[in-house]
>>> print(open('entry-v3.pdb').read())   # PDB, C-alpha atoms, pLDDT in the B column
ATOM      1  CA  MET A   1      22.277  -9.105  28.234  1.00 92.00           C
ATOM      2  CA  TYR A   2      20.802  -7.720  25.012  1.00 98.00           C
ATOM      3  CA  LYS A   3      17.753  -5.464  25.065  1.00 98.00           C
ATOM      4  CA  LEU A   4      15.101  -5.084  22.366  1.00 98.00           C
ATOM      5  CA  VAL A   5      12.394  -2.420  22.759  1.00 98.00           C
ATOM      6  CA  LEU A   6       9.229  -2.697  20.659  1.00 98.00           C
ATOM      7  CA  ILE A   7       6.740   0.175  20.315  1.00 98.00           C
ATOM      8  CA  ARG A   8       3.517   0.154  18.358  1.00 98.00           C
ATOM      9  CA  HIS A   9       2.983   3.569  16.731  1.00 98.00           C
ATOM     10  CA  GLY A  10       0.802   6.121  18.474  1.00 97.00           C
ATOM     11  CA  GLN A  11      -2.920   6.336  17.755  1.00 97.00           C
ATOM     12  CA  SER A  12      -3.544   6.879  14.037  1.00 97.00           C
ATOM     13  CA  GLU A  13      -6.460   8.606  12.326  1.00 97.00           C
ATOM     14  CA  TRP A  14      -7.909   5.229  11.386  1.00 97.00           C
ATOM     15  CA  ASN A  15      -7.386   3.842  14.881  1.00 96.00           C
ATOM     16  CA  LEU A  16      -9.574   6.712  16.004  1.00 94.00           C
ATOM     17  CA  SER A  17     -12.265   6.005  13.390  1.00 96.00           C
ATOM     18  CA  ASN A  18     -11.930   2.239  14.083  1.00 95.00           C
ATOM     19  CA  ARG A  19     -11.050   1.238  10.531  1.00 96.00           C
ATOM     20  CA  PHE A  20      -8.843  -1.543   9.214  1.00 96.00           C
ATOM     21  CA  THR A  21      -5.671   0.250   8.171  1.00 97.00           C
ATOM     22  CA  GLY A  22      -3.086  -2.246   6.967  1.00 97.00           C
ATOM     23  CA  TRP A  23      -0.715  -0.655   4.471  1.00 98.00           C
ATOM     24  CA  THR A  24      -2.832   2.493   4.051  1.00 97.00           C
ATOM     25  CA  ASP A  25      -0.519   5.372   4.944  1.00 98.00           C
ATOM     26  CA  VAL A  26      -2.552   7.324   7.490  1.00 98.00           C
ATOM     27  CA  ASP A  27      -1.190   9.928   9.899  1.00 98.00           C
ATOM     28  CA  LEU A  28      -1.122  10.175  13.682  1.00 98.00           C
ATOM     29  CA  THR A  29      -3.823  11.935  15.662  1.00 98.00           C
ATOM     30  CA  GLU A  30      -2.946  14.569  18.262  1.00 98.00           C
ATOM     31  CA  ALA A  31      -3.419  11.856  20.890  1.00 97.00           C
ATOM     32  CA  GLY A  32      -1.091   9.608  18.908  1.00 97.00           C
ATOM     33  CA  VAL A  33       1.588  12.287  18.866  1.00 98.00           C
ATOM     34  CA  GLU A  34       1.299  12.617  22.645  1.00 98.00           C
ATOM     35  CA  GLU A  35       1.514   8.820  23.046  1.00 97.00           C
ATOM     36  CA  ALA A  36       4.712   8.830  20.998  1.00 98.00           C
ATOM     37  CA  LYS A  37       6.192  11.654  23.071  1.00 98.00           C
ATOM     38  CA  GLN A  38       5.255   9.894  26.288  1.00 98.00           C
ATOM     39  CA  ALA A  39       6.968   6.706  25.061  1.00 98.00           C
ATOM     40  CA  GLY A  40      10.068   8.793  24.415  1.00 98.00           C
ATOM     41  CA  ARG A  41       9.954  10.254  27.909  1.00 98.00           C
ATOM     42  CA  ILE A  42       9.618   6.779  29.399  1.00 97.00           C
ATOM     43  CA  LEU A  43      12.721   5.624  27.543  1.00 98.00           C
ATOM     44  CA  ARG A  44      14.573   8.846  28.353  1.00 97.00           C
ATOM     45  CA  ASP A  45      13.938   8.365  32.076  1.00 97.00           C
ATOM     46  CA  SER A  46      14.862   4.665  32.047  1.00 96.00           C
ATOM     47  CA  ASP A  47      18.333   3.164  32.347  1.00 95.00           C
ATOM     48  CA  LEU A  48      18.249   2.030  28.703  1.00 97.00           C
ATOM     49  CA  ASP A  49      20.923   3.106  26.238  1.00 97.00           C
ATOM     50  CA  ILE A  50      19.333   2.642  22.781  1.00 98.00           C
ATOM     51  CA  ARG A  51      21.896   2.822  19.972  1.00 98.00           C
ATOM     52  CA  TYR A  52      20.116   1.641  16.791  1.00 98.00           C
ATOM     53  CA  THR A  53      16.538   1.852  15.522  1.00 98.00           C
ATOM     54  CA  TYR A  54      14.172   0.305  12.980  1.00 98.00           C
ATOM     55  CA  THR A  55      10.802   1.318  11.606  1.00 98.00           C
ATOM     56  CA  SER A  56       8.463   0.567   8.712  1.00 98.00           C
ATOM     57  CA  PHE A  57       7.712   2.385   5.448  1.00 98.00           C
ATOM     58  CA  LEU A  58       4.492   3.854   6.922  1.00 98.00           C
ATOM     59  CA  LYS A  59       4.454   7.377   8.292  1.00 98.00           C
ATOM     60  CA  ARG A  60       2.506   6.640  11.471  1.00 98.00           C
ATOM     61  CA  ALA A  61       5.439   4.488  12.602  1.00 98.00           C
ATOM     62  CA  ILE A  62       8.118   6.796  11.173  1.00 98.00           C
ATOM     63  CA  LYS A  63       6.639   9.844  12.890  1.00 98.00           C
ATOM     64  CA  THR A  64       6.247   7.948  16.150  1.00 98.00           C
ATOM     65  CA  LEU A  65       9.931   7.038  16.054  1.00 98.00           C
ATOM     66  CA  ASN A  66      10.852  10.664  15.328  1.00 98.00           C
ATOM     67  CA  TYR A  67       8.871  11.919  18.324  1.00 98.00           C
ATOM     68  CA  VAL A  68      10.347   9.193  20.548  1.00 98.00           C
ATOM     69  CA  LEU A  69      13.902  10.095  19.530  1.00 98.00           C
ATOM     70  CA  GLU A  70      13.234  13.801  19.984  1.00 98.00           C
ATOM     71  CA  GLU A  71      12.027  13.255  23.549  1.00 98.00           C
ATOM     72  CA  MET A  72      15.076  11.051  24.200  1.00 98.00           C
ATOM     73  CA  ASP A  73      17.339  13.745  22.715  1.00 98.00           C
ATOM     74  CA  ARG A  74      18.701  11.052  20.396  1.00 98.00           C
ATOM     75  CA  MET A  75      17.721  12.294  16.949  1.00 97.00           C
ATOM     76  CA  TRP A  76      21.254  11.332  15.906  1.00 98.00           C
ATOM     77  CA  LEU A  77      20.610   7.599  16.205  1.00 98.00           C
ATOM     78  CA  PRO A  78      20.747   5.580  12.951  1.00 98.00           C
ATOM     79  CA  VAL A  79      17.319   4.618  11.571  1.00 98.00           C
ATOM     80  CA  GLU A  80      16.691   1.681   9.252  1.00 98.00           C
ATOM     81  CA  LYS A  81      13.357   1.800   7.406  1.00 98.00           C
ATOM     82  CA  THR A  82      12.006  -1.420   5.915  1.00 98.00           C
ATOM     83  CA  TRP A  83       8.780  -2.699   4.342  1.00 98.00           C
ATOM     84  CA  ARG A  84       9.270  -5.910   6.333  1.00 98.00           C
ATOM     85  CA  LEU A  85       8.002  -4.087   9.457  1.00 98.00           C
ATOM     86  CA  ASN A  86       4.818  -2.815   7.786  1.00 98.00           C
ATOM     87  CA  GLU A  87       1.469  -3.679   9.322  1.00 98.00           C
ATOM     88  CA  LYS A  88      -0.268  -6.838   8.158  1.00 97.00           C
ATOM     89  CA  HIS A  89      -1.967  -6.118   4.833  1.00 98.00           C
ATOM     90  CA  TYR A  90      -5.724  -6.287   5.362  1.00 98.00           C
ATOM     91  CA  GLY A  91      -6.591  -6.622   1.674  1.00 97.00           C
ATOM     92  CA  ALA A  92     -10.077  -5.522   0.695  1.00 96.00           C
ATOM     93  CA  LEU A  93     -10.909  -4.811   4.361  1.00 96.00           C
ATOM     94  CA  GLN A  94      -8.664  -1.738   4.362  1.00 97.00           C
ATOM     95  CA  GLY A  95     -10.786   1.321   5.092  1.00 96.00           C
ATOM     96  CA  GLN A  96     -13.705  -0.746   6.429  1.00 96.00           C
ATOM     97  CA  ASN A  97     -15.052   0.200   9.850  1.00 96.00           C
ATOM     98  CA  LYS A  98     -14.470  -2.788  12.143  1.00 94.00           C
ATOM     99  CA  LYS A  99     -17.889  -2.789  13.796  1.00 93.00           C
ATOM    100  CA  GLU A 100     -19.605  -2.420  10.434  1.00 95.00           C
ATOM    101  CA  ALA A 101     -17.554  -5.386   9.203  1.00 95.00           C
ATOM    102  CA  VAL A 102     -18.920  -7.435  12.108  1.00 94.00           C
ATOM    103  CA  GLU A 103     -22.471  -6.507  11.106  1.00 95.00           C
ATOM    104  CA  ILE A 104     -21.779  -7.628   7.528  1.00 94.00           C
ATOM    105  CA  PHE A 105     -19.594 -10.716   8.016  1.00 94.00           C
ATOM    106  CA  GLY A 106     -20.229 -11.741  11.634  1.00 94.00           C
ATOM    107  CA  GLU A 107     -18.000 -11.478  14.677  1.00 92.00           C
ATOM    108  CA  GLU A 108     -16.439 -14.931  14.274  1.00 93.00           C
ATOM    109  CA  GLN A 109     -15.216 -14.246  10.747  1.00 95.00           C
ATOM    110  CA  VAL A 110     -13.913 -10.767  11.540  1.00 94.00           C
ATOM    111  CA  THR A 111     -12.101 -12.108  14.605  1.00 92.00           C
ATOM    112  CA  LYS A 112     -10.358 -14.662  12.376  1.00 93.00           C
ATOM    113  CA  TRP A 113      -9.280 -11.917   9.981  1.00 94.00           C
ATOM    114  CA  ARG A 114      -8.042  -9.704  12.828  1.00 92.00           C
ATOM    115  CA  ARG A 115      -6.496 -12.069  15.361  1.00 89.00           C
ATOM    116  CA  SER A 116      -5.866 -15.541  13.885  1.00 91.00           C
ATOM    117  CA  TYR A 117      -2.460 -16.641  12.648  1.00 94.00           C
ATOM    118  CA  ASP A 118      -3.211 -18.076   9.231  1.00 95.00           C
ATOM    119  CA  VAL A 119      -6.468 -16.605   7.859  1.00 96.00           C
ATOM    120  CA  GLN A 120      -6.184 -13.954   5.144  1.00 97.00           C
ATOM    121  CA  PRO A 121      -8.848 -11.294   4.462  1.00 97.00           C
ATOM    122  CA  GLU A 122     -10.176 -11.103   0.904  1.00 96.00           C
ATOM    123  CA  PRO A 123      -7.406  -9.783  -1.373  1.00 97.00           C
ATOM    124  CA  LEU A 124      -7.404  -6.549  -3.316  1.00 97.00           C
ATOM    125  CA  SER A 125      -8.041  -6.977  -7.017  1.00 96.00           C
ATOM    126  CA  ASP A 126      -5.034  -6.556  -9.304  1.00 95.00           C
ATOM    127  CA  ASP A 127      -6.392  -3.253 -10.638  1.00 96.00           C
ATOM    128  CA  ASP A 128      -7.333  -1.789  -7.228  1.00 97.00           C
ATOM    129  CA  PRO A 129      -5.483   1.548  -6.862  1.00 96.00           C
ATOM    130  CA  ARG A 130      -4.732   0.606  -3.243  1.00 95.00           C
ATOM    131  CA  HIS A 131      -2.598  -2.343  -4.412  1.00 97.00           C
ATOM    132  CA  PRO A 132       1.054  -1.911  -3.302  1.00 97.00           C
ATOM    133  CA  LYS A 133       2.264  -2.598  -6.841  1.00 95.00           C
ATOM    134  CA  PHE A 134       1.095   0.930  -7.712  1.00 96.00           C
ATOM    135  CA  ASP A 135       2.969   2.519  -4.764  1.00 96.00           C
ATOM    136  CA  ILE A 136       6.344   4.051  -5.595  1.00 96.00           C
ATOM    137  CA  ARG A 137       7.917   3.037  -2.280  1.00 95.00           C
ATOM    138  CA  TYR A 138       7.662  -0.671  -3.173  1.00 96.00           C
ATOM    139  CA  GLN A 139       8.737  -0.442  -6.812  1.00 91.00           C
ATOM    140  CA  ASP A 140      12.428  -1.050  -6.189  1.00 88.00           C
ATOM    141  CA  VAL A 141      11.990  -3.879  -3.678  1.00 91.00           C
ATOM    142  CA  LYS A 142      12.955  -7.120  -5.399  1.00 88.00           C
ATOM    143  CA  PHE A 143      10.777  -9.387  -3.255  1.00 89.00           C
ATOM    144  CA  LYS A 144       7.263 -10.120  -4.499  1.00 85.00           C
ATOM    145  CA  ALA A 145       6.152 -10.299  -0.861  1.00 86.00           C
ATOM    146  CA  ALA A 146       6.674  -6.516  -0.732  1.00 94.00           C
ATOM    147  CA  ARG A 147       3.563  -6.068  -2.878  1.00 96.00           C
ATOM    148  CA  PRO A 148       0.869  -8.265  -1.256  1.00 97.00           C
ATOM    149  CA  ALA A 149      -2.829  -8.056  -2.056  1.00 97.00           C
ATOM    150  CA  THR A 150      -3.625  -9.436   1.416  1.00 97.00           C
ATOM    151  CA  GLU A 151      -1.822 -11.105   4.325  1.00 97.00           C
ATOM    152  CA  SER A 152      -2.428 -13.287   7.341  1.00 97.00           C
ATOM    153  CA  LEU A 153      -0.336 -12.796  10.456  1.00 96.00           C
ATOM    154  CA  MET A 154       1.624 -15.844   9.311  1.00 96.00           C
ATOM    155  CA  ASP A 155       2.472 -14.090   6.032  1.00 97.00           C
ATOM    156  CA  ALA A 156       3.571 -10.950   7.880  1.00 97.00           C
ATOM    157  CA  THR A 157       5.683 -12.979  10.304  1.00 97.00           C
ATOM    158  CA  LYS A 158       7.396 -14.807   7.433  1.00 96.00           C
ATOM    159  CA  ARG A 159       8.548 -11.505   5.942  1.00 96.00           C
ATOM    160  CA  ILE A 160       9.744 -10.248   9.331  1.00 97.00           C
ATOM    161  CA  ILE A 161      11.843 -13.315  10.262  1.00 96.00           C
ATOM    162  CA  PRO A 162      14.542 -12.660   7.598  1.00 96.00           C
ATOM    163  CA  LEU A 163      14.900  -9.117   8.960  1.00 97.00           C
ATOM    164  CA  TRP A 164      15.355 -10.544  12.437  1.00 97.00           C
ATOM    165  CA  ASN A 165      17.835 -13.234  11.397  1.00 94.00           C
ATOM    166  CA  VAL A 166      19.932 -11.086   9.085  1.00 92.00           C
ATOM    167  CA  SER A 167      19.743  -7.546  10.434  1.00 97.00           C
ATOM    168  CA  ILE A 168      18.228  -7.094  13.896  1.00 98.00           C
ATOM    169  CA  VAL A 169      20.319  -9.834  15.508  1.00 97.00           C
ATOM    170  CA  GLU A 170      23.445  -8.319  13.947  1.00 98.00           C
ATOM    171  CA  SER A 171      22.481  -4.868  15.263  1.00 98.00           C
ATOM    172  CA  LEU A 172      21.830  -6.255  18.740  1.00 98.00           C
ATOM    173  CA  ARG A 173      25.248  -7.890  18.821  1.00 98.00           C
ATOM    174  CA  ALA A 174      26.891  -4.675  17.629  1.00 97.00           C
ATOM    175  CA  TYR A 175      24.915  -2.106  19.652  1.00 98.00           C
ATOM    176  CA  LYS A 176      23.481  -4.189  22.557  1.00 98.00           C
ATOM    177  CA  GLN A 177      20.211  -2.209  22.678  1.00 98.00           C
ATOM    178  CA  VAL A 178      17.849  -1.756  19.726  1.00 98.00           C
ATOM    179  CA  LEU A 179      14.491  -0.005  19.301  1.00 98.00           C
ATOM    180  CA  VAL A 180      11.840  -1.143  16.801  1.00 98.00           C
ATOM    181  CA  VAL A 181       8.821   1.107  16.145  1.00 98.00           C
ATOM    182  CA  ALA A 182       6.257  -0.722  14.052  1.00 98.00           C
ATOM    183  CA  HIS A 183       2.618  -1.861  14.072  1.00 98.00           C
ATOM    184  CA  GLY A 184       0.272  -4.026  16.083  1.00 96.00           C
ATOM    185  CA  ASN A 185       0.559  -7.094  13.892  1.00 96.00           C
ATOM    186  CA  SER A 186       4.209  -6.805  12.933  1.00 97.00           C
ATOM    187  CA  ILE A 187       4.986  -6.615  16.662  1.00 98.00           C
ATOM    188  CA  ARG A 188       2.658  -9.569  17.345  1.00 96.00           C
ATOM    189  CA  GLY A 189       4.623 -11.486  14.713  1.00 96.00           C
ATOM    190  CA  ILE A 190       7.953 -10.655  16.350  1.00 97.00           C
ATOM    191  CA  ILE A 191       6.709 -11.633  19.815  1.00 97.00           C
ATOM    192  CA  LYS A 192       5.151 -14.873  18.541  1.00 96.00           C
ATOM    193  CA  PHE A 193       8.412 -15.826  16.847  1.00 96.00           C
ATOM    194  CA  MET A 194      10.630 -14.791  19.769  1.00 96.00           C
ATOM    195  CA  LYS A 195       8.530 -16.499  22.450  1.00 96.00           C
ATOM    196  CA  ASN A 196       7.466 -19.478  20.329  1.00 95.00           C
ATOM    197  CA  MET A 197       3.811 -18.773  21.056  1.00 94.00           C
ATOM    198  CA  SER A 198       1.145 -21.134  19.759  1.00 94.00           C
ATOM    199  CA  ASN A 199      -1.428 -20.141  17.151  1.00 92.00           C
ATOM    200  CA  GLU A 200      -4.028 -20.214  19.921  1.00 90.00           C
ATOM    201  CA  GLU A 201      -2.027 -17.987  22.256  1.00 93.00           C
ATOM    202  CA  ILE A 202      -1.408 -15.312  19.618  1.00 92.00           C
ATOM    203  CA  VAL A 203      -5.153 -14.711  19.217  1.00 89.00           C
ATOM    204  CA  LYS A 204      -5.242 -13.245  22.735  1.00 90.00           C
ATOM    205  CA  LEU A 205      -2.208 -10.967  22.327  1.00 93.00           C
ATOM    206  CA  ASN A 206      -3.248  -7.315  22.016  1.00 93.00           C
ATOM    207  CA  ILE A 207      -0.596  -4.633  21.521  1.00 95.00           C
ATOM    208  CA  PRO A 208      -1.489  -1.158  22.868  1.00 96.00           C
ATOM    209  CA  THR A 209      -0.418   1.956  20.984  1.00 96.00           C
ATOM    210  CA  GLY A 210       2.563   3.959  22.184  1.00 97.00           C
ATOM    211  CA  VAL A 211       3.750   1.796  25.076  1.00 97.00           C
ATOM    212  CA  PRO A 212       7.374   0.535  25.114  1.00 98.00           C
ATOM    213  CA  PHE A 213       7.713  -3.252  25.463  1.00 98.00           C
ATOM    214  CA  LEU A 214      11.132  -4.409  26.664  1.00 98.00           C
ATOM    215  CA  MET A 215      12.505  -7.862  25.850  1.00 98.00           C
ATOM    216  CA  GLU A 216      15.764  -8.925  27.525  1.00 98.00           C
ATOM    217  CA  LEU A 217      17.714 -11.556  25.585  1.00 98.00           C
ATOM    218  CA  ASP A 218      20.592 -13.871  26.419  1.00 97.00           C
ATOM    219  CA  ASP A 219      23.667 -14.590  24.284  1.00 97.00           C
ATOM    220  CA  GLU A 220      21.638 -17.041  22.182  1.00 96.00           C
ATOM    221  CA  MET A 221      19.012 -14.340  21.548  1.00 97.00           C
ATOM    222  CA  GLN A 222      16.472 -16.215  23.634  1.00 97.00           C
ATOM    223  CA  VAL A 223      13.962 -14.227  25.702  1.00 97.00           C
ATOM    224  CA  VAL A 224      14.925 -14.055  29.383  1.00 98.00           C
ATOM    225  CA  SER A 225      12.254 -11.563  30.446  1.00 97.00           C
ATOM    226  CA  ASP A 226       9.753  -9.155  28.929  1.00 97.00           C
ATOM    227  CA  ARG A 227       7.547  -6.373  30.242  1.00 96.00           C
ATOM    228  CA  TYR A 228       5.826  -3.117  29.341  1.00 97.00           C
ATOM    229  CA  LEU A 229       7.390   0.071  30.632  1.00 96.00           C
ATOM    230  CA  GLY A 230       5.854   3.176  32.177  1.00 91.00           C
ATOM    231  CA  LEU A 231       2.242   2.113  32.821  1.00 85.00           C
ATOM    232  CA  SER A 232       0.454   0.717  35.832  1.00 81.00           C
ATOM    233  CA  GLU A 233      -1.119  -2.728  35.392  1.00 87.00           C
ATOM    234  CA  GLU A 234      -4.559  -1.099  35.475  1.00 88.00           C
ATOM    235  CA  ASP A 235      -3.756   1.432  32.742  1.00 82.00           C
ATOM    236  CA  LEU A 236      -2.034  -1.200  30.618  1.00 84.00           C
ATOM    237  CA  LYS A 237      -5.023  -3.544  30.849  1.00 85.00           C
ATOM    238  CA  ALA A 238      -7.369  -0.718  29.867  1.00 86.00           C
ATOM    239  CA  LYS A 239      -5.322  -0.013  26.732  1.00 88.00           C
ATOM    240  CA  GLN A 240      -5.115  -3.709  25.838  1.00 88.00           C
ATOM    241  CA  ASP A 241      -8.860  -4.146  26.365  1.00 82.00           C
ATOM    242  CA  SER A 242      -9.484  -1.158  24.105  1.00 83.00           C
ATOM    243  CA  VAL A 243      -7.635  -2.960  21.294  1.00 87.00           C
ATOM    244  CA  ALA A 244      -9.415  -6.260  21.969  1.00 74.00           C
ATOM    245  CA  ASN A 245     -12.860  -4.633  21.957  1.00 79.00           C
ATOM    246  CA  GLN A 246     -12.603  -2.728  18.660  1.00 80.00           C
ATOM    247  CA  THR A 247     -15.108  -5.095  17.025  1.00 80.00           C
ATOM    248  CA  LYS A 248     -17.540  -5.314  19.937  1.00 73.00           C
ATOM    249  CA  ILE A 249     -20.989  -4.012  19.063  1.00 67.00           C
TER     250      ILE A 249
END
>>> encode(input="entry-v3.pdb", output="structure tokens")
Amino acid sequence: MYKLVLIRHGQSEWNLSNRFTGWTDVDLTEAGVEEAKQAGRILRDSDLDIRYTYTSFLKRAIKTLNYVLEEMDRMWLPVEKTWRLNEKHYGALQGQNKKEAVEIFGEEQVTKWRRSYDVQPEPLSDDDPRHPKFDIRYQDVKFKAARPATESLMDATKRIIPLWNVSIVESLRAYKQVLVVAHGNSIRGIIKFMKNMSNEEIVKLNIPTGVPFLMELDDEMQVVSDRYLGLSEEDLKAKQDSVANQTKI
């Protein structure tokens, strides 16, 4: 049995201020740091034996992974950082308060931008300083997809699948247990792909910050079981509802 653990980064500064973040490189809040440490303690006290890790190019995920590994006393584990695990790029919405966006564009449209599979927000202009083409960390990546002006969840999933097929599967076969610390939408993309969820089902999937999600896989890398670790059903539902209700006025 192979085991894949997925963790969305701890609460970020823009989670706290309820803004669309995307590829903007914001830091963790104090609460986010504690969420990351708690995730590490949950893994430390479990029977898991994580041997390889992945994270994105964004510091809220990188720092979360560091805190998790510190609590596990496994700072020695190999870490692979990749742009393919970045959050979905929210285009021109990045920095916009979510409830204010609802007041401007309407709840139906904002819900499509946030939760749907194939609807992109308005893109950044080519000369917008927020465009990834101006960011040094993406300059040496040969794939054009590493410098998007906007993305749907479908776009984000398409860039994640090659990482899964080429690298994560190989690491699972070599190390048996792998940890991925990423973002709400990159994790939604992985789960949709792994569980073959429909476009309608994915709309309702809300990923809470800082809670380990364990997927057990068979020899064909098919999902046998999946569950969150370390929270009661009541606490888990409260965190999921908090994500779902970010645009409620």
>>> resolve_selection(input="entry-v3.pdb", expression="the PyMOL selection byres ((chain A and resi 43) around 9)", output="number ranges by chain")
A: 38-42, 44-50, 68, 71-72, 212, 229-230
>>> residues_around(input="entry-v3.pdb", residues="stretch 16-29 of chain A", least_positions_apart="5", cutoff="8 Å", atoms="only C-alpha atoms", output="PyMOL selection string")
chain A and resi 10-11+58-60+63+86-91+93-99+130+246
>>> closest_residue(input="entry-v3.pdb", among="A:Gln222, A:Thr209, A:Thr157, A:Asn245", to="A:Val169", atoms="all atoms listed in the file")
A:Gln222
>>> resolve_selection(input="entry-v3.pdb", expression="the PyMOL selection byres ((chain A and resi 115-118) around 7)", output="number ranges by chain")
A: 111-114, 119-120, 152-154, 199, 203
>>> residues_around(input="entry-v3.pdb", residues="A:Arg227", least_positions_apart="5", cutoff="12 Å", atoms="all atoms listed in the file", output="VMD selection string")
chain A and resid 3 to 7 191 211 to 216 232 to 233 236
>>> atom_distance(input="entry-v3.pdb", atom1="atom CA of A:Ile168", atom2="atom CA of A:Tyr228")
20.2 Å
>>> resolve_selection(input="entry-v3.pdb", expression="the PyMOL selection byres ((chain A and resi 180) around 9)", output="PyMOL selection string")
chain A and resi 4-8+52-56+65+85+178-179+181-182+187
>>> atom_distance(input="entry-v3.pdb", atom1="atom CA of A:Met75", atom2="atom CA of A:Phe57")
18.2 Å
>>> closest_residue(input="entry-v3.pdb", among="A:Asn15, A:Asn206, A:Gln240, A:Ser225", to="A:Ser186", atoms="all atoms listed in the file")
A:Asn206
